>>> print(open('target.txt').read())   # compact mmCIF, C-alpha atoms
# COMPACT_ATOMS: atom_id res chain seq x y z
CA MET A 1 8.02 5.25 23.53
CA LYS A 2 6.65 8.04 21.35
CA ILE A 3 6.27 7.65 17.58
CA LEU A 4 4.60 9.79 14.91
CA ASP A 5 0.87 9.72 14.33
CA TYR A 6 -0.51 8.74 10.93
CA LYS A 7 -0.53 12.20 9.36
CA GLU A 8 2.91 13.00 10.76
CA ALA A 9 4.30 9.73 9.41
CA LYS A 10 2.96 10.54 5.96
CA HIS A 11 4.89 13.83 6.04
CA PHE A 12 7.99 12.03 7.33
CA CYS A 13 7.98 9.40 4.58
CA SER A 14 7.22 11.89 1.80
CA GLY A 15 10.45 13.75 2.55
CA TYR A 16 12.79 10.93 1.52
CA GLN A 17 15.88 12.50 -0.14
CA ALA A 18 17.98 9.49 -1.27
CA THR A 19 20.99 10.97 0.53
CA ALA A 20 24.38 9.37 -0.04
CA GLY A 21 27.03 8.52 2.54
CA PRO A 22 26.19 7.37 6.09
CA SER A 23 22.46 6.92 5.47
CA THR A 24 23.16 4.09 3.03
CA MET A 25 24.70 2.03 5.86
CA SER A 26 22.84 -0.45 7.99
CA ILE A 27 20.77 1.31 10.62
CA ALA A 28 23.01 -0.10 13.36
CA ARG A 29 26.20 1.31 11.80
CA PHE A 30 24.53 4.62 11.06
CA LEU A 31 23.35 5.12 14.64
CA GLN A 32 26.85 4.31 15.89
CA SER A 33 28.28 6.99 13.61
CA ILE A 34 26.09 9.99 14.44
CA LYS A 35 27.49 12.79 16.59
CA ARG A 36 24.29 14.63 17.63
CA PRO A 37 21.62 12.78 19.64
CA ASN A 38 18.91 15.31 18.70
CA LEU A 39 18.09 15.72 15.02
CA LYS A 40 15.66 18.42 13.88
CA GLU A 41 13.93 18.82 10.54
CA GLY A 42 15.85 21.28 8.39
CA ALA A 43 19.07 20.88 10.39
CA ALA A 44 22.20 18.87 9.60
CA GLY A 45 21.80 15.13 9.94
CA PHE A 46 18.01 15.00 9.86
CA ASN A 47 17.71 13.87 6.24
CA ASP A 48 20.36 11.21 6.86
CA LEU A 49 18.40 9.81 9.80
CA ARG A 50 15.10 9.85 7.90
CA ASP A 51 16.58 8.21 4.82
CA CYS A 52 18.35 5.53 6.84
CA LEU A 53 15.18 4.69 8.77
CA LEU A 54 13.10 4.50 5.59
CA ARG A 55 15.68 2.41 3.76
CA ASN A 56 15.74 0.03 6.71
CA SER A 57 11.93 -0.10 6.62
CA GLU A 58 11.88 -1.05 2.95
CA ARG A 59 14.52 -3.76 3.39
CA SER A 60 12.67 -5.13 6.43
CA LEU A 61 9.34 -5.10 4.60
CA PHE A 62 10.82 -7.10 1.73
CA LEU A 63 12.25 -9.66 4.15
CA SER A 64 8.98 -9.92 6.07
CA VAL A 65 7.02 -10.83 2.93
CA SER A 66 9.74 -13.28 1.90
CA ASN A 67 9.61 -15.02 5.28
CA LEU A 68 5.82 -15.30 5.14
CA ARG A 69 5.99 -16.85 1.68
CA ARG A 70 8.83 -19.23 2.53
CA SER A 71 7.05 -20.41 5.69
CA LEU A 72 4.47 -22.03 3.41
CA ASP A 73 7.20 -24.21 1.89
CA LEU A 74 7.90 -25.50 5.41
CA MET A 75 4.31 -26.41 6.23
CA MET A 76 4.85 -30.13 6.73
CA SER A 77 5.15 -32.17 9.88
CA SER A 78 8.93 -32.56 9.72
CA SER A 79 9.56 -28.79 9.63
CA ALA A 80 6.55 -27.37 11.47
CA GLY A 81 8.80 -25.88 14.16
CA TRP A 82 10.96 -24.07 11.62
CA ALA A 83 7.83 -22.86 9.84
CA TYR A 84 6.93 -21.15 13.10
CA VAL A 85 10.39 -19.61 13.47
CA THR A 86 10.20 -18.32 9.88
CA LEU A 87 6.78 -16.80 10.56
CA TYR A 88 8.14 -15.20 13.71
CA TYR A 89 10.85 -13.40 11.77
CA GLY A 90 8.27 -12.33 9.20
CA ALA A 91 6.42 -10.58 12.03
CA PHE A 92 9.61 -9.16 13.53
CA TYR A 93 10.73 -7.64 10.20
CA ALA A 94 7.24 -6.25 9.53
CA ALA A 95 7.11 -4.64 12.97
CA SER A 96 10.56 -3.12 12.42
CA ALA A 97 9.45 -1.75 9.05
CA LEU A 98 6.25 -0.32 10.49
CA ILE A 99 7.81 1.49 13.41
CA GLY A 100 10.53 2.91 11.14
CA MET A 101 7.94 4.59 8.94
CA PHE A 102 6.57 6.19 12.10
CA GLY A 103 9.97 7.58 13.05
CA GLY A 104 11.06 4.99 15.59
CA HIS A 105 13.68 2.30 15.91
CA ILE A 106 14.25 -0.31 18.61
CA ASP A 107 17.54 -2.19 18.78
CA ALA A 108 17.77 -3.32 22.40
CA PRO A 109 20.01 -2.85 24.23
CA SER A 110 22.10 -0.72 21.83
CA HIS A 111 20.03 2.07 20.27
CA LEU A 112 16.58 3.59 20.45
CA VAL A 113 15.17 6.31 18.18
CA GLU A 114 12.18 8.21 19.56
CA VAL A 115 10.07 11.14 18.41
CA GLN A 116 10.44 14.38 20.35
CA ASP A 117 8.20 16.53 18.14
CA GLY A 118 6.07 15.14 15.31
CA SER A 119 4.77 18.43 13.90
CA PRO A 120 5.30 18.53 10.11
CA GLY A 121 8.04 21.01 9.32
CA LYS A 122 9.36 20.89 12.88
CA GLN A 123 9.89 17.17 13.39
CA GLU A 124 12.56 16.20 15.87
CA PHE A 125 13.99 12.85 16.89
CA LYS A 126 16.36 11.73 19.61
CA VAL A 127 18.81 8.86 19.39
CA PHE A 128 19.45 7.07 22.68
CA GLY A 129 22.21 4.64 23.54
CA ARG A 130 21.99 1.91 26.15
CA SER A 131 20.86 4.33 28.85
CA GLY A 132 17.75 5.08 26.82
CA PHE A 133 16.26 1.69 27.65
CA SER A 134 16.45 2.19 31.40
CA GLY A 135 13.04 1.95 33.05
CA ARG A 136 11.15 1.43 29.78
CA SER A 137 10.56 -2.31 30.09
CA THR A 138 10.59 -4.98 32.76
CA PHE A 139 11.82 -7.53 30.21
CA LYS A 140 15.51 -8.40 29.80
CA GLY A 141 15.92 -10.12 26.41
CA SER A 142 16.51 -7.98 23.32
CA HIS A 143 13.48 -9.33 21.42
CA GLN A 144 11.34 -9.23 24.56
CA ILE A 145 12.14 -5.54 24.94
CA PHE A 146 11.49 -4.95 21.24
CA TRP A 147 7.97 -6.35 21.38
CA ASP A 148 7.16 -4.71 24.70
CA LEU A 149 8.12 -1.26 23.39
CA PHE A 150 6.59 -1.90 19.97
CA TYR A 151 3.17 -2.70 21.43
CA LYS A 152 3.33 0.26 23.79
CA ALA A 153 4.23 2.61 20.93
CA CYS A 154 1.45 1.25 18.71
CA LEU A 155 -1.26 2.14 21.23
CA THR A 156 -1.41 5.57 19.59
CA LEU A 157 -1.86 4.04 16.12
CA GLN A 158 -4.96 2.00 16.88
CA PRO A 159 -7.47 4.76 16.01
CA TRP A 160 -5.85 5.13 12.56
CA VAL A 161 -5.69 1.44 11.68
CA ASP A 162 -8.22 -0.65 9.77
CA PRO A 163 -10.27 -2.30 12.56
CA ALA A 164 -9.78 -5.66 10.84
CA LEU A 165 -6.02 -5.35 11.41
CA THR A 166 -5.75 -3.79 14.87
CA PHE A 167 -5.21 -7.25 16.37
CA ALA A 168 -1.79 -7.30 14.67
CA ILE A 169 -0.49 -4.40 16.78
CA LYS A 170 -1.83 -5.79 20.05
CA PRO A 171 0.00 -8.47 22.05
CA VAL A 172 -1.43 -11.97 21.75
CA GLY A 173 -3.53 -12.61 24.84
CA SER A 174 -2.27 -9.29 26.29
CA ASP A 175 1.16 -10.92 26.58
CA PRO A 176 3.94 -8.97 24.76
CA ASP A 177 6.29 -11.91 25.32
CA TRP A 178 4.08 -14.44 23.49
CA GLN A 179 5.78 -14.46 20.08
CA ILE A 180 9.40 -14.59 21.20
CA ARG A 181 8.67 -17.06 23.99
CA ASN A 182 7.16 -19.52 21.52
CA ARG A 183 9.94 -18.90 19.02
CA ASN A 184 12.56 -19.69 21.64
CA ASP A 185 10.69 -22.80 22.75
CA LEU A 186 10.33 -24.24 19.25
CA ASN A 187 13.80 -23.18 18.15
CA TYR A 188 15.72 -24.59 21.11
CA ASN A 189 13.48 -27.24 22.66
CA SER A 190 13.48 -30.38 20.53
CA TYR A 191 10.62 -31.88 22.53
CA SER A 192 8.34 -28.93 21.76
CA SER A 193 9.32 -28.99 18.11
CA ILE A 194 8.46 -32.68 17.74
CA GLU A 195 5.19 -32.15 19.62
CA LEU A 196 4.22 -29.48 17.09
CA SER A 197 5.17 -31.88 14.28
CA ARG A 198 2.87 -34.47 15.78
CA ALA A 199 0.04 -31.96 16.12
CA PHE A 200 0.59 -30.99 12.48
CA GLN A 201 0.18 -34.63 11.41
CA LEU A 202 -3.06 -34.93 13.34
CA LYS A 203 -4.71 -31.65 12.38
CA PHE A 204 -3.43 -30.28 9.09
CA ASP A 205 -5.84 -30.29 6.17
CA PRO A 206 -4.59 -28.66 2.93
CA ALA A 207 -8.16 -27.71 2.04
CA ALA A 208 -8.61 -25.78 5.29
CA ARG A 209 -5.59 -23.50 5.50
CA PRO A 210 -4.60 -21.68 7.69
CA ILE A 211 -7.25 -22.71 10.20
CA SER A 212 -5.95 -26.28 10.18
CA PHE A 213 -2.45 -25.19 11.21
CA PRO A 214 -2.11 -26.49 14.77
CA GLY A 215 -2.13 -24.26 17.84
CA VAL A 216 0.60 -21.64 18.00
CA LEU A 217 1.40 -22.11 14.30
CA ASN A 218 -2.07 -20.90 13.32
CA THR A 219 -1.90 -17.94 15.70
CA GLN A 220 1.55 -16.87 14.51
CA PHE A 221 0.48 -17.15 10.88
CA GLU A 222 -2.49 -14.86 11.51
CA VAL A 223 -0.34 -12.34 13.42
CA THR A 224 2.39 -12.29 10.77
CA GLU A 225 -0.01 -12.01 7.84
CA GLY A 226 -1.98 -9.25 9.58
CA LEU A 227 1.10 -7.28 10.54
CA ILE A 228 2.49 -7.48 7.01
CA ALA A 229 -0.85 -6.42 5.52
CA LEU A 230 -0.96 -3.41 7.84
CA THR A 231 2.65 -2.46 7.10
CA LEU A 232 2.14 -2.75 3.35
CA ASN A 233 -0.97 -0.59 3.59
CA CYS A 234 1.06 2.11 5.31
CA ALA A 235 3.95 1.77 2.85
CA VAL A 236 1.60 2.29 -0.10
CA ASP A 237 -0.30 5.13 1.55
CA PHE A 238 2.92 6.90 2.58
CA GLY A 239 4.57 6.32 -0.80
CA LEU A 240 7.53 4.42 0.66
CA ASP A 241 9.91 4.16 -2.27
CA THR A 242 13.65 4.11 -1.53
CA ASP A 243 16.75 2.74 -3.24
CA ALA A 244 17.31 0.14 -0.51
CA LEU A 245 16.44 -2.76 -2.81
CA ALA A 246 18.40 -1.44 -5.80
CA PRO A 247 21.18 -4.07 -5.42
CA LEU A 248 18.61 -6.77 -6.26
CA THR A 249 17.68 -7.53 -9.85
CA PRO A 250 15.39 -7.10 -11.69
CA THR A 251 15.20 -3.32 -11.64
CA GLY A 252 11.95 -1.75 -10.60
CA LYS A 253 9.87 -0.95 -7.57
CA ARG A 254 9.36 -3.08 -4.47
CA SER A 255 6.27 -4.74 -5.95
CA VAL A 256 8.23 -5.95 -8.97
CA LYS A 257 11.01 -7.41 -6.83
CA LEU A 258 8.50 -9.11 -4.52
CA LYS A 259 6.75 -10.75 -7.46
CA ASP A 260 9.93 -11.88 -9.20
CA LEU A 261 12.12 -12.78 -6.22
CA VAL A 262 9.57 -14.00 -3.66
CA PHE A 263 6.43 -15.27 -5.39
CA ASN A 264 7.38 -16.19 -8.96
CA VAL A 265 10.34 -18.32 -7.97
CA THR A 266 10.81 -21.82 -6.64
CA PRO A 267 13.82 -23.14 -4.71
CA ALA A 268 16.44 -25.03 -6.65
CA ASP A 269 16.07 -28.79 -6.21
CA LEU A 270 19.27 -29.77 -4.42
CA SER A 271 17.86 -32.91 -2.82
CA HIS A 272 20.26 -35.02 -4.85
CA ARG A 273 23.12 -33.48 -2.89
CA VAL A 274 22.01 -35.40 0.22
CA THR A 275 22.24 -39.16 -0.13
CA PRO A 276 19.31 -40.84 1.71
CA ALA A 277 21.42 -43.92 2.36
CA ARG A 278 23.79 -41.79 4.43
CA VAL A 279 21.23 -39.92 6.50
CA CYS A 280 18.21 -42.28 6.82
CA ARG A 281 19.73 -44.78 9.18
>>> encode(input="target.txt", output="structure tokens")
Amino acid sequence: MKILDYKEAKHFCSGYQATAGPSTMSIARFLQSIKRPNLKEGAAGFNDLRDCLLRNSERSLFLSVSNLRRSLDLMMSSSAGWAYVTLYYGAFYAASALIGMFGGHIDAPSHLVEVQDGSPGKQEFKVFGRSGFSGRSTFKGSHQIFWDLFYKACLTLQPWVDPALTFAIKPVGSDPDWQIRNRNDLNYNSYSSIELSRAFQLKFDPAARPISFPGVLNTQFEVTEGLIALTLNCAVDFGLDTDALAPLTPTGKRSVKLKDLVFNVTPADLSHRVTPARVCR
């Protein structure tokens, strides 16, 4: 899967037009609505595609940071498995945001957006339907395909990335299936989830975070944090600034909303709504 290089992505992101209409939809609805599979810079539909991709990137980036932050609230033995699942989605959203800024989109098995020409002023993208996934991956699951294609696409980005963060765009242990396989295991296998809870009880030390997170939880935390750091670096460098988060108050840029809605807020205490006498028996 071909995506833009770093300089090409900077040009792509700088051209955001805040178009109205179809580009304000979700990326899935937008891709279903387009009539031309090839979209060229300067021609009809190109600005809509670019704006929709960049809006989706900004929404996904916001959600990735939120998931990373909320995973810390779950770092206790009873919810260690769900902390992992939350971290997984932080990584998934960050990866989606990153590849969108580089002109790509992966929604297996429905739609794929790929770069045909990255030259500034002549950029061209192609939107594929289901047939576009044929022969691209040996994996079958939608998230498996996402990560497989994501890592393949990011091979071209490695020379441009801070060496301290290149690990985040490489598969863990050379296995592109690692993240989703562990998410599925902890999400659907109660035995594995309780085993992680037990490991958390034995290893966790609040004074030695995140290294004291047990096993896969520590690895996923590092991957998610690294991927978000890399994506935020690109967003700042490319000047990603859309209206995708405008429905959320307070008004202001992404940084303001992240501070007020993700970091400077605590969950409402609704514990009184669950009566221990009814559930602890």
>>> closest_residue(input="target.txt", among="A:Gly81, A:Gly15, A:Pro250, A:Gly21", to="Asn187 (chain A)", atoms="only C-alpha atoms")
A:Gly81
>>> atom_distance(input="target.txt", atom1="CA of Thr251 (chain A)", atom2="CA of Ala20 (chain A)")
19.5 Å
>>> closest_residue(input="target.txt", among="A:Lys259, A:Val216, A:Asp48, A:Arg136", to="Leu186 (chain A)", atoms="all atoms listed in the file")
A:Val216
>>> residues_around(input="target.txt", residues="region 161-165 of chain A", least_positions_apart="5", cutoff="8 Å", atoms="all atoms listed in the file", output="PyMOL selection string")
chain A and resi 226-227+229-230
>>> atom_distance(input="target.txt", atom1="CA of Val115 (chain A)", atom2="CA of Ala94 (chain A)")
19.7 Å
>>> atom_distance(input="target.txt", atom1="CA of Gly118 (chain A)", atom2="CA of Met101 (chain A)")
12.5 Å
>>> residues_near_point(input="target.txt", point="(21.6, 6.2, 19.3)", cutoff="12 Å", atoms="only C-alpha atoms", output="PyMOL selection string")
chain A and resi 27-39+49+104-114+125-133
>>> closest_residue(input="target.txt", among="A:Tyr16, A:Phe213, A:Trp147, A:Tyr84", to="Gln201 (chain A)", atoms="all atoms listed in the file")
A:Phe213
>>> decode(input="target.txt", residues="region 95-119 of chain A", atoms="C-alpha atoms", output="PDB file, in the first residue's frame")
ATOM      1  CA  ALA A  95      -2.558   4.518  13.536  1.00  0.00           C
ATOM      2  CA  SER A  96      -5.732   5.543  11.688  1.00  0.00           C
ATOM      3  CA  ALA A  97      -4.948   9.215  12.310  1.00  0.00           C
ATOM      4  CA  LEU A  98      -1.358   8.822  11.167  1.00  0.00           C
ATOM      5  CA  ILE A  99      -2.084   7.054   7.913  1.00  0.00           C
ATOM      6  CA  GLY A 100      -4.840   9.569   7.106  1.00  0.00           C
ATOM      7  CA  MET A 101      -2.371  12.447   7.269  1.00  0.00           C
ATOM      8  CA  PHE A 102      -0.256  10.527   4.766  1.00  0.00           C
ATOM      9  CA  GLY A 103      -3.159  10.185   2.349  1.00  0.00           C
ATOM     10  CA  GLY A 104      -4.265   6.650   3.157  1.00  0.00           C
ATOM     11  CA  HIS A 105      -7.238   4.928   4.708  1.00  0.00           C
ATOM     12  CA  ILE A 106      -7.824   1.275   5.581  1.00  0.00           C
ATOM     13  CA  ASP A 107     -11.332   0.038   6.353  1.00  0.00           C
ATOM     14  CA  ALA A 108     -11.172  -3.683   5.616  1.00  0.00           C
ATOM     15  CA  PRO A 109     -12.976  -5.178   3.847  1.00  0.00           C
ATOM     16  CA  SER A 110     -15.014  -2.170   2.639  1.00  0.00           C
ATOM     17  CA  HIS A 111     -12.750   0.651   1.438  1.00  0.00           C
ATOM     18  CA  LEU A 112      -9.103   1.421   0.850  1.00  0.00           C
ATOM     19  CA  VAL A 113      -7.609   4.795  -0.119  1.00  0.00           C
ATOM     20  CA  GLU A 114      -4.157   4.666  -1.689  1.00  0.00           C
ATOM     21  CA  VAL A 115      -1.773   7.204  -3.179  1.00  0.00           C
ATOM     22  CA  GLN A 116      -1.247   7.047  -6.935  1.00  0.00           C
ATOM     23  CA  ASP A 117       0.962  10.140  -7.247  1.00  0.00           C
ATOM     24  CA  GLY A 118       2.332  12.069  -4.269  1.00  0.00           C
ATOM     25  CA  SER A 119       3.952  14.949  -6.141  1.00  0.00           C
TER      26      SER A 119
END
